[in-house]
Structures are given as C-alpha cells and as structure tokens.
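Chemist: Handing over start.cif, mmCIF, C-alpha atoms and all ligand atoms.
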data_upload
loop_
_atom_site.label_atom_id
_atom_site.label_comp_id
_atom_site.auth_asym_id
_atom_site.auth_seq_id
_atom_site.Cartn_x
_atom_site.Cartn_y
_atom_site.Cartn_z
CA MET F 1 -21.47 26.10 -20.06
CA ASP F 2 -23.27 28.75 -22.09
CA LYS F 3 -26.78 28.33 -23.39
CA GLN F 4 -25.79 27.77 -27.00
CA GLN F 5 -26.32 24.16 -27.98
CA MET F 6 -23.04 22.33 -28.42
CA ARG F 7 -22.37 21.09 -31.92
CA LEU F 8 -19.63 18.53 -32.35
CA ARG F 9 -18.43 16.64 -35.32
CA PHE F 10 -16.53 13.59 -36.31
CA ALA F 11 -14.84 14.15 -39.65
CA PRO F 12 -12.99 11.07 -40.84
CA SER F 13 -11.04 10.78 -44.07
CA PRO F 14 -12.21 7.56 -45.74
CA THR F 15 -8.75 6.48 -46.80
CA GLY F 16 -8.29 3.03 -45.32
CA PRO F 17 -9.28 0.72 -42.51
CA PHE F 18 -11.02 2.52 -39.69
CA HIS F 19 -8.37 3.03 -37.04
CA ILE F 20 -8.92 2.58 -33.33
CA GLY F 21 -7.80 6.22 -32.84
CA GLY F 22 -10.58 7.42 -35.16
CA ALA F 23 -13.09 5.38 -33.19
CA ARG F 24 -11.81 6.97 -29.98
CA SER F 25 -12.30 10.50 -31.43
CA ALA F 26 -15.80 9.58 -32.61
CA LEU F 27 -16.63 8.15 -29.19
CA PHE F 28 -15.41 11.18 -27.26
CA ASN F 29 -17.41 13.53 -29.46
CA TRP F 30 -20.47 11.32 -29.13
CA LEU F 31 -20.16 11.07 -25.36
CA ILE F 32 -19.78 14.83 -25.05
CA ALA F 33 -22.77 15.44 -27.33
CA ARG F 34 -24.88 13.02 -25.31
CA LYS F 35 -23.65 14.28 -21.99
CA TYR F 36 -24.20 17.98 -22.68
CA GLY F 37 -27.30 17.67 -24.84
CA GLY F 38 -25.45 18.59 -28.03
CA LYS F 39 -25.54 17.38 -31.60
CA LEU F 40 -23.02 15.20 -33.37
CA VAL F 41 -22.36 15.68 -37.08
CA LEU F 42 -20.72 13.02 -39.23
CA ARG F 43 -18.85 14.60 -42.12
CA ILE F 44 -16.75 12.76 -44.65
CA GLU F 45 -13.48 14.47 -45.57
CA ASP F 46 -12.78 12.92 -48.94
CA THR F 47 -10.74 15.61 -50.69
CA ASP F 48 -7.81 13.25 -51.08
CA LEU F 49 -9.29 11.85 -54.25
CA GLU F 50 -6.68 9.16 -54.80
CA ARG F 51 -6.86 7.63 -51.36
CA SER F 52 -10.55 8.09 -50.52
CA SER F 53 -13.08 5.39 -51.28
CA ARG F 54 -16.74 4.72 -50.72
CA GLN F 55 -15.81 1.33 -49.39
CA SER F 56 -13.80 2.91 -46.62
CA GLU F 57 -16.68 5.30 -45.89
CA GLU F 58 -19.02 2.31 -45.56
CA ASN F 59 -16.52 0.61 -43.31
CA ILE F 60 -16.43 3.66 -41.01
CA LYS F 61 -20.21 3.91 -40.79
CA GLU F 62 -20.49 0.19 -40.18
CA ALA F 63 -17.94 0.34 -37.36
CA LEU F 64 -19.63 3.35 -35.76
CA LYS F 65 -22.97 1.55 -35.81
CA TRP F 66 -21.38 -1.55 -34.32
CA LEU F 67 -19.98 0.58 -31.49
CA GLY F 68 -23.39 2.16 -30.98
CA ILE F 69 -22.19 5.63 -31.98
CA SER F 70 -25.04 7.40 -33.75
CA TRP F 71 -24.97 10.80 -35.40
CA ASP F 72 -27.69 13.43 -35.48
CA GLU F 73 -26.69 15.03 -38.75
CA GLY F 74 -24.45 14.07 -41.59
CA ILE F 75 -24.15 11.57 -44.37
CA ASP F 76 -27.13 9.26 -44.71
CA VAL F 77 -29.23 11.13 -42.16
CA GLY F 78 -28.99 14.61 -43.73
CA GLY F 79 -29.48 17.90 -41.90
CA GLU F 80 -29.62 21.63 -42.30
CA TYR F 81 -25.99 22.19 -43.23
CA GLY F 82 -25.39 19.54 -45.87
CA PRO F 83 -24.11 18.15 -48.08
CA TYR F 84 -21.87 16.31 -45.64
CA ARG F 85 -19.31 14.89 -48.01
CA GLN F 86 -16.59 17.38 -48.88
CA THR F 87 -16.39 16.50 -52.57
CA GLU F 88 -20.05 17.57 -52.80
CA ARG F 89 -19.26 21.00 -51.35
CA LEU F 90 -16.75 22.29 -53.90
CA THR F 91 -18.95 25.15 -55.13
CA LEU F 92 -19.36 26.38 -51.58
CA TYR F 93 -15.61 26.41 -51.01
CA SER F 94 -14.91 28.26 -54.25
CA GLN F 95 -17.08 31.20 -53.14
CA TYR F 96 -14.79 31.70 -50.16
CA THR F 97 -11.70 31.28 -52.31
CA THR F 98 -12.93 34.06 -54.58
CA GLN F 99 -13.45 36.26 -51.53
CA LEU F 100 -9.94 35.57 -50.21
CA LEU F 101 -8.41 36.25 -53.63
CA GLU F 102 -10.37 39.49 -54.04
CA ASN F 103 -9.28 40.71 -50.63
CA ASP F 104 -5.68 39.77 -51.39
CA GLN F 105 -5.68 37.35 -48.47
CA ALA F 106 -4.80 34.60 -50.91
CA TYR F 107 -3.02 34.55 -54.26
CA TYR F 108 -2.30 32.33 -57.22
CA CYS F 109 1.02 30.56 -57.13
CA TYR F 110 2.55 29.11 -60.28
CA CYS F 111 5.66 27.50 -58.84
CA SER F 112 6.22 23.97 -60.09
CA GLU F 113 7.02 21.03 -57.83
CA GLU F 114 10.59 21.05 -59.12
CA GLU F 115 11.06 24.74 -58.36
CA LEU F 116 9.68 24.28 -54.88
CA GLU F 117 11.98 21.34 -54.31
CA VAL F 118 15.05 23.38 -55.30
CA GLU F 119 13.91 26.09 -52.89
CA ARG F 120 13.45 23.55 -50.09
CA GLN F 121 16.90 22.11 -50.64
CA GLN F 122 18.48 25.56 -50.55
CA GLN F 123 16.70 26.43 -47.31
CA MET F 124 17.78 23.18 -45.73
CA THR F 125 21.42 23.70 -46.73
CA LYS F 126 21.23 27.05 -44.97
CA GLY F 127 19.84 25.31 -41.91
CA GLU F 128 16.38 26.91 -42.28
CA THR F 129 13.06 25.15 -41.74
CA PRO F 130 11.63 24.64 -45.24
CA HIS F 131 8.80 27.03 -46.02
CA TYR F 132 7.40 28.71 -49.09
CA SER F 133 9.64 31.67 -49.98
CA GLY F 134 6.81 33.85 -51.25
CA ARG F 135 8.05 33.92 -54.81
CA CYS F 136 4.54 34.40 -56.28
CA ARG F 137 3.34 36.69 -53.49
CA HIS F 138 3.48 39.88 -55.50
CA LEU F 139 3.04 38.91 -59.12
CA SER F 140 1.79 41.61 -61.45
CA GLU F 141 -1.10 40.97 -63.85
CA GLY F 142 1.44 40.81 -66.66
CA GLU F 143 3.60 38.23 -64.90
CA ARG F 144 0.54 36.15 -64.16
CA SER F 145 -0.68 36.08 -67.74
CA GLN F 146 2.83 35.22 -68.89
CA LEU F 147 2.87 32.22 -66.53
CA GLU F 148 -0.64 31.23 -67.61
CA MET F 149 0.49 31.35 -71.23
CA GLU F 150 3.27 28.94 -70.38
CA GLY F 151 0.44 26.56 -69.53
CA ARG F 152 1.09 26.57 -65.79
CA LYS F 153 -1.88 25.69 -63.62
CA PRO F 154 -1.83 27.66 -60.38
CA VAL F 155 -2.57 26.63 -56.83
CA VAL F 156 -4.11 29.12 -54.40
CA ARG F 157 -1.97 30.05 -51.44
CA PHE F 158 -3.10 31.69 -48.26
CA ARG F 159 -1.18 34.86 -47.47
CA VAL F 160 0.00 34.34 -43.91
CA PRO F 161 0.09 37.68 -42.03
CA GLU F 162 3.50 38.59 -40.65
CA ASN F 163 4.48 38.96 -37.00
CA GLN F 164 1.29 37.60 -35.57
CA GLU F 165 0.86 35.51 -32.49
CA ILE F 166 -1.75 32.83 -32.82
CA VAL F 167 -3.12 31.86 -29.44
CA ILE F 168 -5.16 28.71 -29.05
CA ASN F 169 -7.02 28.09 -25.82
CA ASP F 170 -7.22 24.36 -25.99
CA ILE F 171 -9.49 22.67 -23.46
CA VAL F 172 -7.01 19.81 -23.10
CA ARG F 173 -3.62 21.47 -23.66
CA GLY F 174 -4.28 24.90 -22.17
CA THR F 175 -2.96 28.00 -23.93
CA VAL F 176 -0.77 27.17 -26.89
CA THR F 177 0.92 29.96 -28.81
CA PHE F 178 2.32 29.87 -32.34
CA GLU F 179 4.18 32.51 -34.36
CA SER F 180 2.80 33.27 -37.81
CA ASN F 181 6.28 33.95 -39.17
CA GLY F 182 7.34 30.32 -39.13
CA ILE F 183 4.35 29.13 -41.11
CA GLY F 184 4.94 30.28 -44.69
CA ASP F 185 2.11 30.90 -47.16
CA PHE F 186 0.39 27.57 -47.55
CA VAL F 187 -1.69 26.02 -50.31
CA ILE F 188 -5.43 26.08 -49.74
CA VAL F 189 -6.63 24.96 -53.17
CA LYS F 190 -4.67 22.59 -55.37
CA SER F 191 -4.22 23.12 -59.12
CA ASP F 192 -7.12 20.76 -59.84
CA GLY F 193 -9.44 23.05 -57.86
CA ILE F 194 -9.73 20.71 -54.86
CA PRO F 195 -9.25 22.37 -51.46
CA VAL F 196 -6.79 20.91 -48.98
CA TYR F 197 -7.81 19.63 -45.56
CA ASN F 198 -6.72 22.71 -43.59
CA TYR F 199 -8.97 24.92 -45.68
CA ALA F 200 -12.05 22.76 -46.20
CA VAL F 201 -12.13 21.80 -42.52
CA VAL F 202 -12.40 25.45 -41.50
CA LEU F 203 -15.18 26.29 -43.94
CA ASP F 204 -17.11 23.19 -42.98
CA ASP F 205 -16.75 23.62 -39.25
CA ALA F 206 -17.82 27.25 -39.58
CA LEU F 207 -20.70 26.62 -42.00
CA MET F 208 -21.92 23.65 -40.00
CA LYS F 209 -21.85 25.84 -36.89
CA ILE F 210 -19.56 23.51 -35.01
CA THR F 211 -18.91 24.86 -31.52
CA HIS F 212 -16.32 22.31 -30.31
CA VAL F 213 -13.62 20.62 -32.34
CA ILE F 214 -12.40 17.63 -30.37
CA ARG F 215 -9.81 15.66 -32.28
CA ALA F 216 -6.48 13.90 -32.08
CA GLU F 217 -3.39 15.71 -30.86
CA GLU F 218 -1.64 15.31 -34.19
CA HIS F 219 -3.91 18.06 -35.53
CA LEU F 220 -2.71 20.62 -33.02
CA SER F 221 0.07 21.67 -35.40
CA ASN F 222 -2.55 22.30 -38.13
CA THR F 223 -4.64 24.48 -35.89
CA PRO F 224 -2.69 27.78 -36.28
CA ARG F 225 -3.20 27.60 -40.06
CA GLN F 226 -6.87 26.96 -39.52
CA VAL F 227 -7.22 29.82 -37.05
CA LEU F 228 -5.63 32.21 -39.56
CA ILE F 229 -8.27 31.23 -42.10
CA TYR F 230 -11.09 31.77 -39.60
CA GLN F 231 -9.67 35.20 -38.87
CA ALA F 232 -9.21 36.14 -42.53
CA LEU F 233 -12.83 35.30 -43.28
CA GLY F 234 -14.19 36.83 -40.09
CA LEU F 235 -15.58 33.47 -38.97
CA THR F 236 -16.08 32.45 -35.36
CA THR F 237 -13.38 30.09 -34.13
CA PRO F 238 -14.71 27.00 -32.35
CA VAL F 239 -13.37 25.72 -29.04
CA PHE F 240 -10.53 23.29 -29.69
CA GLY F 241 -9.62 20.22 -27.68
CA HIS F 242 -6.75 18.02 -28.82
CA ILE F 243 -6.96 14.63 -27.17
CA SER F 244 -3.86 12.68 -26.32
CA LEU F 245 -1.95 10.48 -28.71
CA ILE F 246 -2.42 6.73 -28.47
CA LEU F 247 0.89 4.95 -27.93
CA GLY F 248 1.81 1.29 -28.18
CA ALA F 249 3.20 -0.64 -25.20
CA ASP F 250 6.73 0.54 -26.11
CA ARG F 251 5.52 4.15 -25.90
CA SER F 252 5.96 4.91 -29.58
CA LYS F 253 2.97 6.08 -31.61
CA MET F 254 0.51 3.22 -32.03
CA SER F 255 0.91 1.60 -35.44
CA LYS F 256 0.42 -1.75 -37.14
CA ARG F 257 3.71 -2.83 -35.63
CA HIS F 258 1.95 -2.97 -32.28
CA GLY F 259 -0.75 -5.36 -33.48
CA ALA F 260 -4.26 -4.76 -34.73
CA THR F 261 -5.11 -1.10 -35.25
CA ALA F 262 -8.35 -1.42 -37.21
CA VAL F 263 -11.68 -1.62 -35.40
CA GLU F 264 -12.72 -4.36 -37.79
CA GLN F 265 -9.89 -6.62 -36.65
CA TYR F 266 -11.14 -6.53 -33.07
CA ARG F 267 -14.69 -7.10 -34.19
CA ASN F 268 -13.64 -10.09 -36.27
CA ARG F 269 -11.76 -11.68 -33.40
CA GLY F 270 -14.83 -11.58 -31.27
CA TYR F 271 -14.39 -8.52 -29.11
CA LEU F 272 -17.69 -7.07 -27.95
CA PRO F 273 -18.65 -3.49 -28.73
CA GLU F 274 -19.39 -2.79 -25.04
CA ALA F 275 -15.83 -3.74 -24.17
CA VAL F 276 -14.26 -1.75 -26.99
CA VAL F 277 -16.31 1.34 -26.06
CA ASN F 278 -15.40 0.96 -22.40
CA PHE F 279 -11.74 0.53 -23.29
CA LEU F 280 -11.60 3.45 -25.74
CA ALA F 281 -13.30 5.78 -23.27
CA LEU F 282 -10.41 5.24 -20.86
CA LEU F 283 -7.82 6.08 -23.53
CA GLY F 284 -7.35 9.77 -22.86
CA TRP F 285 -10.09 10.36 -20.31
CA SER F 286 -9.87 9.57 -16.63
CA PRO F 287 -12.86 9.07 -14.38
CA THR F 288 -12.77 10.58 -10.91
CA GLY F 289 -12.76 7.31 -8.93
CA ASP F 290 -11.33 3.83 -9.41
CA GLN F 291 -14.17 2.46 -11.46
CA GLU F 292 -12.97 0.86 -14.69
CA ILE F 293 -16.01 -0.98 -15.93
CA PHE F 294 -18.58 1.40 -17.36
CA SER F 295 -21.79 0.75 -19.22
CA VAL F 296 -22.55 3.25 -21.97
CA ASP F 297 -25.04 5.07 -19.75
CA GLU F 298 -22.52 5.26 -16.95
CA LEU F 299 -19.98 6.68 -19.38
CA ILE F 300 -22.36 9.36 -20.54
CA GLY F 301 -23.03 10.24 -16.92
CA ALA F 302 -19.39 10.29 -15.84
CA PHE F 303 -17.72 11.74 -18.92
CA SER F 304 -16.46 15.28 -18.65
CA MET F 305 -14.38 17.50 -20.88
CA GLU F 306 -12.44 18.71 -17.84
CA ARG F 307 -10.97 15.28 -17.31
CA LEU F 308 -9.57 14.75 -20.78
CA ALA F 309 -5.95 13.78 -20.23
CA LYS F 310 -2.94 15.67 -21.52
CA ASN F 311 -0.55 12.75 -21.29
CA PRO F 312 -0.38 10.17 -24.05
CA ALA F 313 -2.61 7.13 -23.59
CA VAL F 314 -1.02 3.70 -23.77
CA PHE F 315 -2.95 1.05 -25.65
CA ASP F 316 -2.82 -1.86 -23.23
CA ILE F 317 -4.10 -5.00 -24.92
CA ASP F 318 -4.17 -6.87 -21.60
CA LYS F 319 -6.62 -4.34 -20.29
CA LEU F 320 -8.80 -4.66 -23.37
CA ASN F 321 -8.71 -8.45 -22.97
CA TRP F 322 -9.61 -8.13 -19.31
CA LEU F 323 -12.56 -5.86 -20.09
CA ASN F 324 -13.69 -8.05 -22.94
CA ALA F 325 -13.50 -11.16 -20.78
CA HIS F 326 -15.79 -9.38 -18.35
CA TYR F 327 -18.40 -8.66 -21.00
CA ILE F 328 -18.03 -12.13 -22.53
CA ARG F 329 -18.84 -13.73 -19.19
CA LYS F 330 -22.04 -11.71 -19.05
CA ALA F 331 -23.13 -12.54 -22.60
CA SER F 332 -25.30 -15.50 -23.61
CA PRO F 333 -23.47 -18.60 -24.91
CA ASP F 334 -25.57 -18.33 -28.08
CA SER F 335 -24.32 -14.87 -28.87
CA ILE F 336 -20.69 -15.83 -28.22
CA LEU F 337 -21.12 -18.87 -30.43
CA GLU F 338 -22.26 -16.62 -33.28
CA LEU F 339 -19.00 -14.67 -32.94
CA ALA F 340 -16.88 -17.80 -32.61
CA LEU F 341 -18.53 -19.65 -35.50
CA PRO F 342 -16.50 -18.17 -38.38
CA HIS F 343 -13.34 -19.16 -36.47
CA LEU F 344 -14.62 -22.68 -35.82
CA VAL F 345 -15.43 -23.02 -39.52
CA GLU F 346 -12.01 -21.72 -40.50
CA ALA F 347 -10.34 -24.17 -38.13
CA GLY F 348 -12.27 -26.99 -39.78
CA PHE F 349 -14.44 -27.99 -36.81
CA VAL F 350 -17.76 -27.49 -38.54
CA LYS F 351 -19.23 -26.53 -41.87
CA ILE F 352 -21.93 -23.94 -42.44
CA PRO F 353 -24.83 -24.54 -41.98
CA ILE F 354 -24.28 -26.33 -38.71
CA SER F 355 -26.71 -29.07 -37.69
CA SER F 356 -28.84 -28.70 -34.57
CA GLU F 357 -26.73 -31.36 -32.79
CA GLU F 358 -23.58 -29.39 -33.57
CA ARG F 359 -25.22 -26.25 -32.28
CA VAL F 360 -26.11 -27.95 -28.99
CA TRP F 361 -22.60 -29.31 -28.67
CA LEU F 362 -20.92 -26.01 -29.53
CA THR F 363 -23.19 -24.04 -27.24
CA SER F 364 -22.20 -26.29 -24.38
CA VAL F 365 -18.54 -25.83 -25.29
CA VAL F 366 -19.00 -22.06 -25.22
CA ALA F 367 -20.93 -22.20 -21.94
CA THR F 368 -18.05 -24.11 -20.35
CA VAL F 369 -15.20 -22.01 -21.68
CA GLN F 370 -16.87 -18.62 -21.48
CA GLU F 371 -15.30 -18.11 -18.06
CA TYR F 372 -11.77 -18.44 -19.42
CA ILE F 373 -11.64 -16.71 -22.78
CA SER F 374 -10.81 -13.11 -23.55
CA TYR F 375 -12.37 -12.97 -27.00
CA ALA F 376 -14.66 -15.24 -29.00
CA ALA F 377 -12.04 -16.56 -31.44
CA GLN F 378 -10.38 -18.31 -28.49
CA VAL F 379 -13.28 -20.76 -28.36
CA VAL F 380 -11.41 -22.65 -31.07
CA GLU F 381 -8.50 -23.55 -28.79
CA HIS F 382 -10.91 -24.92 -26.21
CA ALA F 383 -13.18 -26.69 -28.67
CA ALA F 384 -10.23 -28.87 -29.70
CA ILE F 385 -10.03 -30.27 -26.19
CA LYS F 386 -13.76 -30.64 -25.62
CA ARG F 387 -14.59 -32.59 -28.76
CA TYR F 388 -13.81 -36.08 -27.57
N1 LIG F 401 -10.22 14.27 -41.74
C1 LIG F 401 -9.33 14.52 -40.66
C2 LIG F 401 -8.76 13.20 -40.16
O1 LIG F 401 -9.36 12.16 -40.41
C3 LIG F 401 -10.11 15.19 -39.57
C4 LIG F 401 -9.31 16.01 -38.67
C5 LIG F 401 -10.18 16.91 -37.84
O2 LIG F 401 -10.94 16.36 -37.04
O3 LIG F 401 -10.12 18.11 -38.03
O4 LIG F 401 -7.71 13.17 -39.57
#
Show the structure stored in the file as structure tokens.
Ligand code: GLU
Modeler:
Amino acid sequence: MDKQQMRLRFAPSPTGPFHIGGARSALFNWLIARKYGGKLVLRIEDTDLERSSRQSEENIKEALKWLGISWDEGIDVGGEYGPYRQTERLTLYSQYTTQLLENDQAYYCYCSEEELEVERQQQMTKGETPHYSGRCRHLSEGERSQLEMEGRKPVVRFRVPENQEIVINDIVRGTVTFESNGIGDFVIVKSDGIPVYNYAVVLDDALMKITHVIRAEEHLSNTPRQVLIYQALGLTTPVFGHISLILGADRSKMSKRHGATAVEQYRNRGYLPEAVVNFLALLGWSPTGDQEIFSVDELIGAFSMERLAKNPAVFDIDKLNWLNAHYIRKASPDSILELALPHLVEAGFVKIPISSEERVWLTSVVATVQEYISYAAQVVEHAAIKRY
C-alpha cells in the first residue's frame, strides 16, 4: 500500500428505498476506510431529477447511521471538496464540458428521440448492436445554427476515440479489457444541461480525490466510458473494485421477488444492526478462517481488499436469521421489547402507552422467548401463547 491516504466514497442515488446492496457497498467502503486509515466520503448522486428525492436521501442517511456507518466528509458533515450533492455542482461540471467541447472531445448533438429510435431499429434489423451512428459528429457551424433555428435543444456527446483498448485493472475482477469501437459516442450532458451519471461520477471522483472506487459489479460495464473521460481530461484514474452481485436463493439477481430488499424492512421487523452488518460483510468478502460471527471491530481487523470475492454472493435469509438470533440472545429483554412493541400493538395485544404491569409482563415474555426467535417481530407469535 502506498503512502497516499486512501479516499473512498459511497455515492448513492436517492431514488427509492435504500437497498441491501447499497448498504453492502457502503459497508465495504467504510470497512476499508477504517481498516487502512482512509477517509470515506458520502456523495449524493441526484442528477435523475424525476426519481430523486430528499426523503430518499434522508432514508439512506438514517439507515447508514442505524448500521453504524459514519462518513468523514460529505453531505451534512461538509469537507474540503464540497458541495457533496451533485445538483449543487452543476457549475463545476459545465467548466469541464466547455473544455471538452473546445478540444473537440465532445460535440453538440441535435438528433431527436424519434430519429435515434429509427436509427436503433435499422441497426437492429441489420443485426448490429445499437449505438449512436455519429450523425452529428462533424456538423459545420452553418448546420448547427440551422438546427438551433429549428428550435432543437442539443445534448452533449462524448467523442469516443476509435480503435482504442481500454484496460481496467480491477482489484476484484483482475484485468478487464474493452474495445472503444463498440461503445458509440455517448451523451454526457442532457438537453436540460444536467450531466448524466457516467460523466458526473468521473468529475466528482477526480475532484474529490477519490483513490479507490469500490462499487457493485453492475457498474463494471460503465467503467470503460468513465475511463475514457478521465483520459480525455487528463485526470488520474482511481483504482476500481467491482464487488460481486447479490443473488436470491434461486441464483437470479436479488429483487423484490425474493423478499425484502430494503434495509428499512429488516429494521422494522426487528433485525439488529450488528447482525445485518455481520451478514452484509460476508456477502462478497470471505474471511480466512471459519469464523462467521464478527463484531464490528473484528470485521475491521479481518477485512481485506484481497479477499473480495469474484463469484456472486447468495442472499441466504436463513443465515441472516441465524446471525440475528445470535445477537438477539445477547441483547437485553428491554431492548428487544422496544423492537417488538410496534408489532405487539399492531397485533392488538397492547395499546401505547403501555402500563408498567404490561411492561413487566411483556419483558418476561421476551426474556422467555428470546432463545427461540430470529427477529423481534416474532415475539408476537409467542406472546399469544404466554398471555393466559
Ligand atoms: N449513484 C450510483 C448508484 O447508486 C453510484 C455508482 C458508483 O458508485 O459509481 O448506483
């Protein structure tokens, strides 16, 4: 490891419930930062204006805090390289766009959605992979002003260099090579002036001096585009590590079909953060020995980038239940009662506020059943039997 301090980031898009996969990425980055004495940045990638919301951002921060994942820089805490919300960085991005346009590394494209669709269809009929044909690649000034006069609002496209090999030395996947020819000039700024993910992410990672980009495998296919932008702007490429996909029990990509995918759902059912952290750490990282139960400190000690797994990780709910049962047994009956209470209220056992007699009774119920339950909501099933 070189002397430069590691800088990692977690960069969620606040577009919906905070997914277990996002929590796993955040955790891995946090563990690495803690392990190697680095810094973790929390950046909000909210350039999808329609789908992003402050409520989702709050939900992410809340879930991270619940899991005990803290960040050294980023939204709320600030830092040297802010602002940390992408919609507050638009002026910064536009400076780089101007540079790319001036150097002819990017160009304005006036093609309409309909025109692009026709092009796509034609390519598909010919058996080609759809890609931008380059129709606006060499427009003259005159052609441009004509199109502007028609009232067309351009996007900015990145001019992908031809015949280039893009080599990514991924710490998880090894050397992965892509051909620039298959990529096609891609949009970096939409017609409303908002940059797309692949562009903003590069500028932010570079400007925030991120040294290691550790993220989900599904972003591996985006990485060649990002590397081309780093190269065009003469920016230093970070180290990439694409951590394995999370699959459901049937080995297809984990989705709602497989059960709860949002961190909040586990929290609400009475899973404990220690168990969720322990479980997530084992999804795509393998310790050297047989140990499966890890405290946070043990995880920080044992975690290593070298042991990030290439193979997909299977989300095994039985294992999560087993781990959670372990931590539930160690917790105080009072604390488990707090988690079970909303479920007991919902099931009609008690009303809030509970009386002190009810508290005594329920605490004794919890103390008795604590040995047998996997998560706090299950107290309800047992309370039914214990009442009389
Ligand atoms: N905002 C992206 C996401 O949530 C981040 C991807 C990345 O880490 O580069 O998927």
Chemist: Show me which residues sit within 10 Å of ligand LIG 401 (chain F) when counting only C-alpha atoms and all ligand atoms, and put them as a PyMOL selection string.
Modeler: chain F and resi 9-15+18-19+21-22+25-26+43-48+197-198+200-202+204-205+213-220+222-223+226+240+242
Chemist: Quick one: axis-aligned box around all listed atoms of region 339-343 of chain F, 4 Å on every side, centre and edge lengths in Å to one decimal, written as lines of an AutoDock Vina configuration file.
Modeler:
center_x = -16.2
center_y = -17.2
center_z = -35.5
size_x = 13.7
size_y = 13.0
size_z = 13.8
Chemist: Counting all atoms listed in the file, note down every residue that has an atom within 6 Å of the point (-7.4, 36.4, -45.2) (file coordinates), as an MDAnalysis selection string.
Modeler: chainID F and resid 100 105 232:233
Chemist: Can you pull out the residues contacting region 329-336 of chain F? Cut-off 9 Å, using only C-alpha atoms, and skip same-chain residues under 6 positions away; I want them as a PyMOL selection string.
Modeler: chain F and resi 270+359+363-368+370-373+375-376+379
Chemist: Could you write out the selected residues, including C-alpha atoms, as a short mmCIF file (atom, residue, chain, number, x, y, z; two decimals), in the coordinates of the input?
Modeler:
data_model
loop_
_atom_site.label_atom_id
_atom_site.label_comp_id
_atom_site.auth_asym_id
_atom_site.auth_seq_id
_atom_site.Cartn_x
_atom_site.Cartn_y
_atom_site.Cartn_z
CA GLY F 270 -14.83 -11.58 -31.27
CA ARG F 359 -25.22 -26.25 -32.28
CA THR F 363 -23.19 -24.04 -27.24
CA SER F 364 -22.20 -26.29 -24.38
CA VAL F 365 -18.54 -25.83 -25.29
CA VAL F 366 -19.00 -22.06 -25.22
CA ALA F 367 -20.93 -22.20 -21.94
CA THR F 368 -18.05 -24.11 -20.35
CA GLN F 370 -16.87 -18.62 -21.48
CA GLU F 371 -15.30 -18.11 -18.06
CA TYR F 372 -11.77 -18.44 -19.42
CA ILE F 373 -11.64 -16.71 -22.78
CA TYR F 375 -12.37 -12.97 -27.00
CA ALA F 376 -14.66 -15.24 -29.00
CA VAL F 379 -13.28 -20.76 -28.36
#
Chemist: If you count only C-alpha atoms, which residues fall within 12 Å of Ile246 (chain F), apart from same-chain ones fewer than 6 positions away, as a VMD selection string?
Modeler: chain F and resid 19 to 25 216 to 218 252 to 255 258 261 280 282 to 285 309 to 316
Chemist: Report the distance between CA of Ala262 (chain F) and CA of Ser244 (chain F) in Å, rounded to one decimal place.
Modeler: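 Spanning CA of Ala262 (chain F) to CA of Ser244 (chain F) is a straight-line distance of 18.4 Å.
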Chemist: When you look at Gly79 (chain F) with a cut-off of 12 Å (counting all atoms listed in the file), what residues show up, excluding the ones that are within fewer than 2 positions of it in the same chain? I need them as a PyMOL selection string.
Modeler: chain F and resi 39-43+71-77+81-84+208
Chemist: When you count all atoms listed in the file, which of these residues is closest to Pro342 (chain F): F:Ala377, F:Val360, F:Val160, F:Ile183?
Modeler: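 The closest residue to Pro342 (chain F) is F:Ala377.
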Chemist: Leaving out region 177-180 of chain F and any residue of its chain fewer than 4 positions from it, which residues lie within 7 Å of it when counting only C-alpha atoms, given as a list in words?
Modeler: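 In the requested format, the answer is Val160, Pro161, Glu162, Asn163, Gln164, Glu165, Ile166, Val167, Ile168 and Pro224 of chain F.
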Chemist: Between F:Val155, F:Ile352, F:Val277, F:Leu299, which residue has the minimum interatomic distance to Leu101 (chain F), considering only C-alpha atoms?
Modeler: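 Nearest to Leu101 (chain F): F:Val155.
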Chemist: Which distance in Å separates CA of Trp30 (chain F) and CA of Phe294 (chain F), to one decimal?
Modeler: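 Rounded to one decimal, the two atoms are 15.5 Å apart.
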Chemist: CA of Val156 (chain F) to CA of Tyr230 (chain F): how many Å, to one decimal?
Modeler: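 Taking CA of Val156 (chain F) and CA of Tyr230 (chain F), their separation equals 16.6 Å.
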Chemist: Skip Gly134 (chain F) itself and residues of its chain fewer than 4 positions away, then list as a ChimeraX atom specification all residues within 10 Å of it, counting all atoms listed in the file.
Modeler: /F:109,111,138,157,159,184-186
Chemist: Looking at F:Pro17, F:Asp170, F:Thr211, F:Lys153, which one is nearest to Glu62 (chain F), with distances taken over only C-alpha atoms?
Modeler: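 Once distances to Glu62 (chain F) are computed over only C-alpha atoms, the minimum belongs to F:Pro17.
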